[in-house]
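Q: For reference, the file work.tsv (TSV, C-alpha atoms) is included below:
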chain	number	residue	atom	x	y	z
A	272	MET	CA	118.56	52.69	77.84
A	273	THR	CA	116.96	54.30	80.89
A	274	SER	CA	120.03	53.76	83.08
A	275	GLY	CA	123.61	54.65	82.27
A	276	VAL	CA	126.45	57.08	82.66
A	277	TRP	CA	127.19	59.91	80.27
A	278	THR	CA	130.84	60.79	80.81
A	279	ASN	CA	133.54	63.11	79.43
A	280	ALA	CA	131.03	65.92	79.00
A	281	ARG	CA	131.21	69.63	79.61
A	282	ILE	CA	128.09	70.07	81.72
A	283	LEU	CA	126.00	73.16	82.26
A	284	THR	CA	123.47	72.03	84.86
A	285	MET	CA	121.54	75.35	84.85
A	286	ALA	CA	121.01	74.89	88.57
A	287	ALA	CA	120.93	78.33	90.17
A	288	GLY	CA	124.38	79.54	91.17
A	289	GLN	CA	126.25	76.56	89.70
A	290	GLY	CA	128.92	77.02	87.06
A	291	PRO	CA	130.01	74.60	84.33
A	292	ILE	CA	131.59	71.23	85.07
A	293	LEU	CA	134.30	70.94	82.42
A	294	GLN	CA	135.08	67.24	82.88
A	295	GLY	CA	131.77	65.92	84.07
A	296	ALA	CA	129.52	62.92	84.17
A	297	VAL	CA	125.81	62.25	84.71
A	298	ALA	CA	124.56	58.97	86.15
A	299	VAL	CA	120.98	57.97	85.34
A	300	LEU	CA	118.90	55.25	87.00
A	301	GLN	CA	115.53	54.25	85.57
A	302	GLY	CA	115.14	57.48	83.65
A	303	ARG	CA	116.04	59.80	86.51
A	304	ILE	CA	119.24	61.64	87.30
A	305	ALA	CA	121.00	59.89	90.19
A	306	TRP	CA	124.25	61.84	90.29
A	307	VAL	CA	126.09	64.65	88.51
A	308	GLY	CA	129.62	65.90	89.05
A	309	ALA	CA	133.24	65.64	87.99
A	310	VAL	CA	134.28	62.42	86.26
A	311	ALA	CA	136.98	61.91	88.87
A	312	ASP	CA	134.33	61.87	91.61
A	313	LEU	CA	131.98	59.34	90.01
A	314	PRO	CA	130.82	57.02	92.83
A	315	PRO	CA	131.67	53.33	92.39
A	316	ASP	CA	127.95	52.48	92.60
A	317	TYR	CA	127.56	53.66	88.97
A	318	THR	CA	130.71	52.26	87.36
A	319	ASP	CA	128.96	49.08	86.15
A	320	LEU	CA	126.28	51.00	84.22
A	321	PRO	CA	126.42	51.32	80.41
A	322	VAL	CA	128.69	54.23	79.48
A	323	THR	CA	128.26	56.87	76.77
A	324	ASP	CA	131.43	58.80	76.02
A	325	CYS	CA	130.35	62.35	75.19
A	326	ARG	CA	133.80	63.21	73.75
A	327	GLY	CA	133.85	66.67	75.28
A	328	GLN	CA	130.45	67.75	73.96
A	329	TRP	CA	128.37	70.17	75.99
A	330	LEU	CA	125.56	68.60	78.02
A	331	LEU	CA	122.66	70.90	78.92
A	332	PRO	CA	119.11	70.42	80.18
A	333	ALA	CA	116.61	69.79	77.41
A	334	PHE	CA	114.62	72.86	76.44
A	335	VAL	CA	111.14	73.68	77.70
A	336	ASP	CA	108.78	75.68	75.49
A	337	CYS	CA	106.43	77.13	78.09
A	338	HIS	CA	104.00	79.03	75.83
A	339	THR	CA	102.64	77.64	72.57
A	340	HIS	CA	99.37	77.57	70.64
A	341	MET	CA	100.57	74.59	68.65
A	342	VAL	CA	97.20	72.95	67.97
A	343	PHE	CA	95.35	74.85	65.23
A	344	ALA	CA	94.30	74.52	61.60
A	345	GLY	CA	95.37	76.60	58.62
A	346	THR	CA	97.66	79.62	58.49
A	347	ARG	CA	97.28	83.40	58.54
A	348	ALA	CA	99.75	84.24	55.82
A	349	ARG	CA	97.33	86.81	54.37
A	350	GLU	CA	97.42	88.73	57.65
A	351	PHE	CA	101.19	88.73	57.43
A	352	GLU	CA	100.85	90.50	54.11
A	353	MET	CA	98.40	92.97	55.66
A	354	ARG	CA	100.87	93.81	58.40
A	355	LEU	CA	103.53	94.41	55.76
A	356	ASP	CA	101.11	96.95	54.25
A	357	GLY	CA	100.85	98.74	57.59
A	358	ALA	CA	97.85	97.20	59.38
A	359	SER	CA	98.33	96.72	63.14
A	360	TYR	CA	97.58	93.50	65.03
A	361	GLU	CA	94.67	95.21	66.76
A	362	GLU	CA	93.27	96.59	63.48
A	363	ILE	CA	93.38	93.13	61.91
A	364	ALA	CA	91.58	91.62	64.90
A	365	ARG	CA	88.85	94.27	64.88
A	366	ALA	CA	88.31	93.68	61.15
A	367	GLY	CA	87.46	90.02	61.76
A	368	GLY	CA	90.93	88.60	61.34
A	369	GLY	CA	93.28	87.51	64.07
A	370	ILE	CA	92.12	84.84	66.46
A	371	ALA	CA	88.63	84.70	64.91
A	372	SER	CA	89.96	83.55	61.53
A	373	THR	CA	91.89	80.66	63.08
A	374	VAL	CA	88.83	79.73	65.14
A	375	ALA	CA	86.86	79.23	61.94
A	376	ARG	CA	89.52	77.00	60.38
A	377	THR	CA	90.02	75.01	63.57
A	378	ALA	CA	86.28	74.41	63.93
A	379	GLU	CA	86.29	72.69	60.53
A	380	ALA	CA	89.16	70.34	61.43
A	381	THR	CA	88.76	66.90	62.94
A	382	GLU	CA	90.79	65.82	65.94
A	383	ASP	CA	92.93	63.62	63.70
A	384	GLN	CA	93.63	66.54	61.40
A	385	LEU	CA	94.61	68.75	64.33
A	386	VAL	CA	96.99	66.07	65.57
A	387	ALA	CA	98.57	65.61	62.15
A	388	GLN	CA	99.15	69.33	61.66
A	389	ALA	CA	100.52	69.81	65.17
A	390	LEU	CA	102.97	66.92	64.83
A	391	SER	CA	105.06	68.69	62.20
A	392	ARG	CA	105.34	71.75	64.46
A	393	LEU	CA	106.19	69.60	67.46
A	394	ASP	CA	108.87	67.77	65.49
A	395	ALA	CA	110.55	71.10	64.73
A	396	LEU	CA	110.88	71.82	68.46
A	397	LEU	CA	112.09	68.31	69.27
A	398	SER	CA	114.75	68.52	66.56
A	399	GLU	CA	116.26	71.44	68.47
A	400	GLY	CA	116.33	69.73	71.85
A	401	ALA	CA	112.96	70.37	73.49
A	402	SER	CA	111.63	67.79	75.93
A	403	THR	CA	108.64	69.64	77.37
A	404	VAL	CA	106.03	71.71	75.53
A	405	GLU	CA	103.06	73.62	76.89
A	406	ILE	CA	100.06	73.69	74.53
A	407	LYS	CA	97.02	75.93	74.93
A	408	SER	CA	93.49	75.61	73.66
A	409	GLY	CA	91.85	78.88	72.62
A	410	TYR	CA	90.98	78.45	68.95
A	411	GLY	CA	87.72	76.63	69.63
A	412	LEU	CA	85.66	79.16	71.63
A	413	SER	CA	82.99	76.52	72.17
A	414	ILE	CA	83.10	73.80	74.76
A	415	GLU	CA	83.43	70.90	72.34
A	416	ALA	CA	85.95	72.61	70.08
A	417	GLU	CA	88.14	73.59	73.03
A	418	LEU	CA	88.01	70.04	74.37
A	419	ARG	CA	88.89	68.68	70.93
A	420	MET	CA	92.01	70.85	70.89
A	421	LEU	CA	93.11	69.55	74.30
A	422	ARG	CA	92.44	65.95	73.31
A	423	ALA	CA	94.66	66.49	70.28
A	424	ALA	CA	97.36	67.98	72.48
A	425	ARG	CA	97.27	65.06	74.89
A	426	ARG	CA	97.59	62.59	71.99
A	427	LEU	CA	100.87	64.15	70.89
A	428	ALA	CA	102.62	62.80	73.99
A	429	GLY	CA	101.72	59.28	72.88
A	430	LEU	CA	103.16	59.81	69.42
A	431	ARG	CA	106.50	61.37	70.32
A	432	PRO	CA	108.94	61.11	73.25
A	433	VAL	CA	107.94	64.42	74.83
A	434	ARG	CA	106.22	65.80	77.91
A	435	ILE	CA	103.08	67.79	77.07
A	436	THR	CA	101.39	70.13	79.50
A	437	THR	CA	98.06	71.76	78.59
A	438	SER	CA	96.34	75.05	79.38
A	439	TRP	CA	92.62	75.86	79.12
A	440	LEU	CA	92.48	79.13	77.13
A	441	ALA	CA	88.81	79.39	76.28
A	442	ALA	CA	89.01	83.04	77.42
A	443	HIS	CA	91.15	83.87	74.40
A	444	ALA	CA	88.61	85.89	72.45
A	445	VAL	CA	84.84	86.46	72.34
A	446	PRO	CA	83.03	84.56	69.56
A	447	PRO	CA	80.50	86.50	67.42
A	448	ALA	CA	77.50	84.95	69.17
A	449	TYR	CA	78.65	86.57	72.43
A	450	LYS	CA	79.80	89.92	71.04
A	451	GLY	CA	79.36	92.54	73.75
A	452	ARG	CA	78.50	89.84	76.31
A	453	ASN	CA	81.87	88.85	77.63
A	454	ALA	CA	80.61	87.92	81.09
A	455	ALA	CA	77.98	85.61	79.58
A	456	TYR	CA	80.63	83.84	77.50
A	457	ILE	CA	82.75	83.24	80.59
A	458	ALA	CA	79.73	81.93	82.51
A	459	LYS	CA	78.26	79.74	79.78
A	460	VAL	CA	81.34	78.48	77.91
A	461	ALA	CA	84.66	79.09	79.66
A	462	ILE	CA	83.65	77.93	83.14
A	463	PRO	CA	81.51	74.86	82.34
A	464	GLY	CA	84.02	73.86	79.65
A	465	LEU	CA	86.81	74.04	82.20
A	466	THR	CA	84.83	71.74	84.48
A	467	ALA	CA	84.46	69.24	81.65
A	468	ALA	CA	88.15	69.46	80.73
A	469	HIS	CA	89.17	68.93	84.34
A	470	GLU	CA	86.88	65.93	84.74
A	471	ALA	CA	88.33	64.40	81.57
A	472	GLY	CA	91.91	64.93	82.74
A	473	LEU	CA	92.69	67.22	79.83
A	474	VAL	CA	93.91	70.36	81.59
A	475	ASP	CA	96.94	71.25	83.72
A	476	ALA	CA	96.48	75.02	84.02
A	477	VAL	CA	94.12	77.86	83.11
A	478	ASP	CA	95.11	80.80	80.92
A	479	ALA	CA	93.31	83.86	79.57
A	480	PHE	CA	93.91	86.92	77.39
A	481	CYS	CA	93.55	90.12	79.40
A	482	GLU	CA	93.44	93.02	76.94
A	483	ARG	CA	91.20	95.68	75.43
A	484	ILE	CA	90.28	93.35	72.55
A	485	ALA	CA	89.68	90.42	74.90
A	486	PHE	CA	88.77	90.36	78.63
A	487	THR	CA	89.15	92.60	81.66
A	488	PRO	CA	90.34	91.39	85.06
A	489	ASP	CA	86.80	91.72	86.44
A	490	GLU	CA	85.43	89.57	83.63
A	491	LEU	CA	88.09	86.93	84.24
A	492	ARG	CA	87.69	86.78	88.02
A	493	PRO	CA	84.91	84.14	88.05
A	494	LEU	CA	87.00	81.90	85.77
A	495	PHE	CA	90.09	82.17	87.94
A	496	ASP	CA	88.00	81.61	91.05
A	497	HIS	CA	86.72	78.42	89.46
A	498	ALA	CA	90.26	77.35	88.55
A	499	ARG	CA	91.29	77.87	92.15
A	500	ALA	CA	88.32	75.78	93.35
A	501	LEU	CA	89.44	72.96	91.04
A	502	GLY	CA	93.00	73.19	92.31
A	503	LEU	CA	94.38	74.31	88.95
A	504	PRO	CA	97.15	76.92	88.63
A	505	VAL	CA	96.59	79.99	86.46
A	506	LYS	CA	98.65	82.06	84.05
A	507	LEU	CA	97.77	85.09	81.96
A	508	HIS	CA	98.45	86.82	78.65
A	509	ALA	CA	99.06	90.19	80.27
A	510	GLU	CA	100.03	93.70	79.20
A	511	GLN	CA	100.75	92.78	75.58
A	512	LEU	CA	99.09	95.70	73.79
A	513	SER	CA	98.33	98.00	76.72
A	514	ASN	CA	98.54	98.07	80.50
A	515	SER	CA	95.30	96.41	81.53
A	516	HIS	CA	96.64	95.67	85.03
A	517	GLY	CA	96.39	91.98	84.32
A	518	ALA	CA	99.68	91.16	86.03
A	519	VAL	CA	98.50	92.51	89.38
A	520	PHE	CA	95.27	90.58	88.94
A	521	ALA	CA	96.99	87.30	88.04
A	522	ALA	CA	99.59	87.65	90.78
A	523	GLY	CA	96.72	87.84	93.25
A	524	TYR	CA	95.99	84.22	92.30
A	525	GLY	CA	99.65	83.18	92.63
A	526	ALA	CA	99.92	82.83	88.84
A	527	LEU	CA	102.62	80.58	87.44
A	528	SER	CA	103.38	83.19	84.81
A	529	CYS	CA	102.39	86.42	83.15
A	530	ASP	CA	103.23	86.29	79.45
A	531	HIS	CA	104.13	89.02	76.93
A	532	VAL	CA	104.22	91.88	79.53
A	533	GLU	CA	105.46	94.54	77.08
A	534	TYR	CA	103.41	97.21	78.89
A	535	LEU	CA	104.06	95.90	82.41
A	536	ASP	CA	104.46	98.68	84.99
A	537	ALA	CA	106.22	98.89	88.34
A	538	ALA	CA	103.12	97.79	90.24
A	539	GLY	CA	102.84	94.71	88.08
A	540	ILE	CA	106.50	93.86	88.56
A	541	ALA	CA	106.18	94.19	92.33
A	542	ALA	CA	103.07	92.00	92.39
A	543	MET	CA	104.74	89.31	90.31
A	544	LYS	CA	107.81	89.33	92.54
A	545	ALA	CA	105.68	88.96	95.67
A	546	ALA	CA	103.71	86.10	94.13
A	547	GLY	CA	106.72	84.25	92.68
A	548	THR	CA	105.24	84.67	89.19
A	549	THR	CA	107.53	84.16	86.18
A	550	ALA	CA	107.63	86.68	83.33
A	551	VAL	CA	107.44	84.79	80.03
A	552	LEU	CA	108.81	86.95	77.23
A	553	LEU	CA	107.77	86.19	73.66
A	554	PRO	CA	110.16	87.88	71.22
A	555	GLY	CA	108.68	86.06	68.23
A	556	ALA	CA	105.47	88.06	68.67
A	557	THR	CA	107.41	91.30	69.12
A	558	TYR	CA	109.27	90.59	65.89
A	559	ALA	CA	106.28	89.36	63.87
A	560	ILE	CA	103.90	92.23	64.67
A	561	ARG	CA	106.75	94.78	64.66
A	562	GLU	CA	106.00	95.88	68.20
A	563	THR	CA	108.16	98.78	69.36
A	564	GLN	CA	107.29	98.54	73.05
A	565	MET	CA	109.78	96.21	74.72
A	566	PRO	CA	109.13	94.38	78.02
A	567	PRO	CA	110.75	96.03	81.06
A	568	VAL	CA	113.71	93.67	81.31
A	569	GLU	CA	115.75	95.97	83.54
A	570	GLY	CA	112.86	96.31	85.97
A	571	LEU	CA	112.30	92.56	86.04
A	572	ARG	CA	116.01	91.96	86.65
A	573	ALA	CA	116.19	94.54	89.41
A	574	ALA	CA	113.18	93.02	91.18
A	575	GLY	CA	114.46	89.46	90.79
A	576	VAL	CA	111.43	88.29	88.81
A	577	PRO	CA	112.30	85.05	86.95
A	578	ILE	CA	112.43	85.52	83.17
A	579	ALA	CA	111.49	82.76	80.72
A	580	LEU	CA	111.43	82.74	76.93
A	581	ALA	CA	109.01	80.82	74.70
A	582	THR	CA	108.12	80.60	71.02
A	583	ASP	CA	104.44	81.61	71.40
A	584	MET	CA	104.02	79.36	68.36
A	585	ASN	CA	100.75	80.42	66.74
A	586	PRO	CA	99.49	81.12	63.21
A	587	GLY	CA	98.99	84.87	63.56
A	588	SER	CA	101.37	86.80	65.76
A	589	SER	CA	104.27	84.34	66.17
A	590	PRO	CA	104.58	81.62	63.49
A	591	LEU	CA	107.80	80.50	65.16
A	592	ALA	CA	108.86	76.88	65.76
A	593	SER	CA	112.43	77.36	67.00
A	594	LEU	CA	113.64	77.88	70.55
A	595	LEU	CA	117.14	78.51	69.22
A	596	LEU	CA	115.86	81.46	67.19
A	597	THR	CA	113.73	82.51	70.16
A	598	MET	CA	116.88	82.82	72.26
A	599	ASN	CA	118.62	84.84	69.56
A	600	LEU	CA	115.63	87.17	69.36
A	601	GLY	CA	115.54	87.45	73.14
A	602	ALA	CA	119.17	88.55	73.10
A	603	THR	CA	118.98	90.92	70.13
A	604	LEU	CA	115.55	92.47	70.76
A	605	PHE	CA	115.33	92.38	74.56
A	606	ARG	CA	119.06	92.55	75.35
A	607	LEU	CA	119.03	89.39	77.46
A	608	THR	CA	122.45	87.89	78.16
A	609	VAL	CA	123.47	84.45	76.91
A	610	ALA	CA	123.18	83.09	80.46
A	611	GLU	CA	119.70	84.59	80.79
A	612	CYS	CA	118.58	83.11	77.47
A	613	LEU	CA	119.78	79.62	78.38
A	614	ALA	CA	118.14	79.79	81.81
A	615	ALA	CA	114.99	81.23	80.22
A	616	THR	CA	114.47	78.18	78.00
A	617	THR	CA	115.40	75.59	80.64
A	618	ARG	CA	115.14	76.33	84.36
A	619	GLU	CA	112.84	79.34	84.21
A	620	ALA	CA	110.63	77.87	81.48
A	621	ALA	CA	110.18	74.79	83.66
A	622	ARG	CA	109.30	77.09	86.55
A	623	ALA	CA	106.71	78.85	84.38
A	624	THR	CA	104.96	75.54	83.71
A	625	GLY	CA	105.09	74.41	87.33
A	626	LEU	CA	107.52	71.61	86.44
A	627	LEU	CA	110.79	72.81	87.97
A	628	ALA	CA	110.80	69.88	90.40
A	629	GLU	CA	110.72	67.51	87.40
A	630	THR	CA	112.85	69.05	84.65
A	631	GLY	CA	114.74	72.15	83.53
A	632	THR	CA	118.06	71.51	85.32
A	633	ILE	CA	120.56	68.66	85.59
A	634	GLU	CA	120.10	67.72	89.25
A	635	PRO	CA	119.63	64.43	91.13
A	636	GLY	CA	116.03	63.32	91.38
A	637	LYS	CA	114.88	64.99	88.19
A	638	SER	CA	113.89	63.38	84.93
A	639	ALA	CA	116.92	62.63	82.75
A	640	ASP	CA	116.01	65.17	80.06
A	641	PHE	CA	119.16	66.59	78.51
A	642	THR	CA	120.89	67.40	75.25
A	643	LEU	CA	124.40	66.94	73.89
A	644	TRP	CA	125.72	69.68	71.60
A	645	ASP	CA	128.79	69.54	69.37
A	646	ILE	CA	129.78	73.16	70.03
A	647	GLU	CA	132.72	75.05	71.50
A	648	SER	CA	130.60	77.19	73.81
A	649	PRO	CA	126.95	77.29	74.92
A	650	ALA	CA	126.88	80.84	73.56
A	651	GLU	CA	126.63	79.28	70.10
A	652	LEU	CA	123.07	78.20	70.90
A	653	VAL	CA	122.11	81.87	71.17
A	654	TYR	CA	124.52	83.18	68.54
A	655	TRP	CA	123.57	81.20	65.42
A	656	ILE	CA	120.68	82.39	63.23
A	657	GLY	CA	119.04	79.73	61.10
A	658	PHE	CA	121.61	77.04	61.88
A	659	ARG	CA	121.33	74.17	64.35
A	660	PRO	CA	124.54	72.59	65.65
A	661	ALA	CA	124.68	68.81	65.89
A	662	MET	CA	122.57	67.66	68.80
A	663	THR	CA	121.55	64.45	70.59
A	664	ARG	CA	118.40	64.53	72.73
A	665	ILE	CA	117.87	62.30	75.76
A	666	PHE	CA	114.38	62.11	77.24
A	667	ARG	CA	113.78	60.22	80.46
A	668	GLY	CA	117.13	58.52	80.07
A	669	GLU	CA	116.66	57.31	76.50
A	670	THR	CA	118.05	58.74	73.28
A	671	ALA	CA	115.03	60.20	71.50
Kindly present the structure from the file in structure tokens form.
A:
Amino acid sequence: MTSGVWTNARILTMAAGQGPILQGAVAVLQGRIAWVGAVADLPPDYTDLPVTDCRGQWLLPAFVDCHTHMVFAGTRAREFEMRLDGASYEEIARAGGGIASTVARTAEATEDQLVAQALSRLDALLSEGASTVEIKSGYGLSIEAELRMLRAARRLAGLRPVRITTSWLAAHAVPPAYKGRNAAYIAKVAIPGLTAAHEAGLVDAVDAFCERIAFTPDELRPLFDHARALGLPVKLHAEQLSNSHGAVFAAGYGALSCDHVEYLDAAGIAAMKAAGTTAVLLPGATYAIRETQMPPVEGLRAAGVPIALATDMNPGSSPLASLLLTMNLGATLFRLTVAECLAATTREAARATGLLAETGTIEPGKSADFTLWDIESPAELVYWIGFRPAMTRIFRGETA
């Protein structure tokens, strides 16, 4: 059903400043939230709608995974073994591994094969209560291959009840044919490919990797200028392995988010705060590559910069397909609180994708995307490791 009332729930709306509603109800009309509040205050306008008795379960917004590289072919399990033997992420990349190895496997895959492989990863996220997933290109590094990745991503939304948002990440790495010619790659591949993706309706935002092994802010400026001309928002992989001053650069374009940010400095924090840019923390990558530099959580908190969490699902540095585990890692590695972790995978993750007006909280007017959990406390969603409590997922007002 797309209209109905979910009653006798303990509701955590995740709306800023709002506490739990311990005997609550949510009214939904045509897939959108019409009303939320205490059961005793349910308006008579909704009493004739079909009723679902939640039996005291916790009702929360459905999760948003705001940073994934879900569409790719193959794995990089061998690189995992290399890291166990002491090789760093940067050393592996410079030796021809890393992104380049996945590019080769992805280039060999058909669109159908990319869709089939991505579906199993998507299903893992949906089984834990996700309703919205951001998917990046970036393993093509040619115009056609990047477009093929985005076409595959768009198809996923027709195969599962999920909202997919896409990011053009052609500036992810420099292919061998353009080695030492980063600016030429941006001019001849990243920019014209973005135009084609935009014309085909395949892209919602533009991303890039700003790092010593990738691109500098000056090299990325023409791409971001082009994104601005097309009316597309930007985001950036920033300050992951070093402080390349990418956050200040991206904030200058009003970036939706800066992601990773382990080496973010005070100037970057201030720029992000001024621009309203969300910090997307990716503890799966910190864990997988055994990074010892932690993002400046205290500085972000003090400045009031919104903090989101995401899986960073990818075959090399974060082979992670669980937002529940992501929250646990965010708490244990980054010392985020339970409340911060829950907000980071709902409200703030929606903010990081530019979709906060549509999803991420239980508020009237928004899409009816929520989950029911058979738990005693929402803290259990952060506490458990490798266990998923019983869950029901509602997407646009229908049980999915």
Q: Stretch 448-565 of chain A near stretch 432-439 of chain A within 9 Å: what's each residue's closest atom pair and its distance in Å to one decimal, counting all atoms listed in the file, ordered by chain then ascending residue number, as CSV?
A:
residue,atom,partner,partner_atom,distance
A:Ala461,CA,A:Trp439,CA,8.6
A:Gly464,CA,A:Trp439,CA,8.8
A:Leu465,CA,A:Trp439,CA,6.8
A:Ala468,CA,A:Trp439,CA,8.0
A:Leu473,CA,A:Thr437,CA,7.1
A:Val474,CA,A:Thr437,CA,5.3
A:Asp475,CA,A:Thr437,CA,5.3
A:Ala476,CA,A:Ser438,CA,4.6
A:Val477,CA,A:Trp439,CA,4.7
A:Asp478,CA,A:Trp439,CA,5.8
A:Ala479,CA,A:Trp439,CA,8.0
A:Val505,CA,A:Ser438,CA,8.6
A:Lys506,CA,A:Ser438,CA,8.7
Q: Selection from above, C-alpha atoms, as a PDB file, keeping the file's coordinate frame, can you write it?
A:
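The result, stored in part37.pdb:
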ATOM      1  CA  ALA A 461      84.660  79.090  79.660  1.00  0.00           C
ATOM      2  CA  GLY A 464      84.020  73.860  79.650  1.00  0.00           C
ATOM      3  CA  LEU A 465      86.810  74.040  82.200  1.00  0.00           C
ATOM      4  CA  ALA A 468      88.150  69.460  80.730  1.00  0.00           C
ATOM      5  CA  LEU A 473      92.690  67.220  79.830  1.00  0.00           C
ATOM      6  CA  VAL A 474      93.910  70.360  81.590  1.00  0.00           C
ATOM      7  CA  ASP A 475      96.940  71.250  83.720  1.00  0.00           C
ATOM      8  CA  ALA A 476      96.480  75.020  84.020  1.00  0.00           C
ATOM      9  CA  VAL A 477      94.120  77.860  83.110  1.00  0.00           C
ATOM     10  CA  ASP A 478      95.110  80.800  80.920  1.00  0.00           C
ATOM     11  CA  ALA A 479      93.310  83.860  79.570  1.00  0.00           C
ATOM     12  CA  VAL A 505      96.590  79.990  86.460  1.00  0.00           C
ATOM     13  CA  LYS A 506      98.650  82.060  84.050  1.00  0.00           C
TER      14      LYS A 506
END
Q: At a cut-off of 7 Å from (111.4, 80.7, 83.7) in the coordinates of the file, what residues are picked up using all atoms listed in the file, written as an NGL selection string?
A: :A and (549 or 551 or 577-579 or 615-616 or 618-623)
Q: Could you please determine the separation between atom CA of A:Gln328 and atom CA of A:Glu647 in Å, to one decimal place?
A: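 Atom-to-atom, atom CA of A:Gln328 and atom CA of A:Glu647 are spaced 8.0 Å apart.
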Q: Record the distance separating atom CA of A:His338 and atom CA of A:Ala305, expressed in Å with one decimal.
A: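 Taking atom CA of A:His338 and atom CA of A:Ala305, their separation equals 29.4 Å.
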Q: What's the 10 Å shell around A:Thr318, counting all atoms listed in the file, without same-chain residues fewer than 6 positions away, as a PyMOL selection string?
A: chain A and resi 275-276+298
Q: Compile the contact shell of A:Gly575 as a list of chain:residue names: residues with an atom at most 10 Å away, counting all atoms listed in the file, same-chain residues fewer than 5 positions apart removed.
A: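 Listed by chain and then number, they are A:Ile540, A:Ala541, A:Met543, A:Lys544, A:Gly547, A:Thr549, A:Glu569, A:Gly570.
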Q: List the neighbours of A:Leu430 out to 12 Å using only C-alpha atoms; skip same-chain residues closer than 4 positions along the sequence, and give me the result as an mmCIF file with C-alpha atoms, in the coordinates of the input.
A:
data_model
loop_
_atom_site.group_PDB
_atom_site.id
_atom_site.type_symbol
_atom_site.label_atom_id
_atom_site.label_comp_id
_atom_site.auth_asym_id
_atom_site.auth_seq_id
_atom_site.Cartn_x
_atom_site.Cartn_y
_atom_site.Cartn_z
ATOM 1 C CA VAL A 386 96.990 66.070 65.570
ATOM 2 C CA ALA A 387 98.570 65.610 62.150
ATOM 3 C CA ALA A 389 100.520 69.810 65.170
ATOM 4 C CA LEU A 390 102.970 66.920 64.830
ATOM 5 C CA SER A 391 105.060 68.690 62.200
ATOM 6 C CA LEU A 393 106.190 69.600 67.460
ATOM 7 C CA ASP A 394 108.870 67.770 65.490
ATOM 8 C CA ALA A 423 94.660 66.490 70.280
ATOM 9 C CA ALA A 424 97.360 67.980 72.480
ATOM 10 C CA ARG A 425 97.270 65.060 74.890
ATOM 11 C CA ARG A 426 97.590 62.590 71.990
ATOM 12 C CA ARG A 434 106.220 65.800 77.910
ATOM 13 C CA ILE A 435 103.080 67.790 77.070
#
Q: Excluding A:Ala416 and its own-chain neighbours fewer than 5 positions away, which residues fall within 8 Å of it when counting only C-alpha atoms? Please give them as a PyMOL selection string.
A: chain A and resi 378+410-411
Q: I want to know what sits within 12 Å of A:Phe486, based on only C-alpha atoms, with residues of the same chain fewer than 3 positions away left out; could you give that as a PyMOL selection string?
A: chain A and resi 440-445+450-457+478-483+489-494+507-510+515-517
Q: Nearest to A:Phe666: which of A:Ala333, A:Ala498, A:Ala287, A:Ala311 is it, counting only C-alpha atoms?
A: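 The closest residue to A:Phe666 is A:Ala333.
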Q: Please report the interatomic distance between atom CA of A:Pro649 and atom CA of A:Glu562 in Å with one decimal.
A: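 We find that atom CA of A:Pro649 and atom CA of A:Glu562 lie 28.8 Å from each other.
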Q: Dump as an MDAnalysis selection string all residues having an atom at most 12 Å from (122.6, 55.1, 83.4), computed in the file's coordinates with all atoms listed in the file.
A: chainID A and resid 272:278 296:307 316:323 639 665 667:670
Q: List every residue of stretch 546-648 of chain A that has an atom at most 8 Å from any atom of stretch 655-660 of chain A, giving for each one its closest atom pair and the distance in Å to one decimal, counting only C-alpha atoms, sorted by chain and then by ascending residue number, as a Markdown table.
A:
| residue | atom | partner | partner_atom | distance |
| --- | --- | --- | --- | --- |
| A:Leu595 | CA | A:Arg659 | CA | 7.8 |
| A:Leu596 | CA | A:Ile656 | CA | 6.3 |
| A:Asn599 | CA | A:Ile656 | CA | 7.1 |
| A:Trp644 | CA | A:Pro660 | CA | 6.7 |
| A:Asp645 | CA | A:Pro660 | CA | 6.4 |
| A:Ile646 | CA | A:Pro660 | CA | 6.9 |
Q: With only C-alpha atoms as the basis for distance, which of A:Cys612, A:Leu527, A:Ile560, A:Cys325 is at the shortest distance from A:Ser359?
A: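 Comparing A:Cys612, A:Leu527, A:Ile560, A:Cys325 against A:Ser359, the winner is A:Ile560.
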Q: Measuring atom to atom with only C-alpha atoms, identify which of A:Leu580, A:Ala559, A:Ile370, A:Ala602 is nearest to A:His340.
A: A:Ile370
Q: I need the residue nearest A:Ala348 from this list: A:Thr632, A:Ala610, A:Asn585, A:Ala380. Use only C-alpha atoms for the distance.
A: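 Closest residue, counting only C-alpha atoms: A:Asn585.
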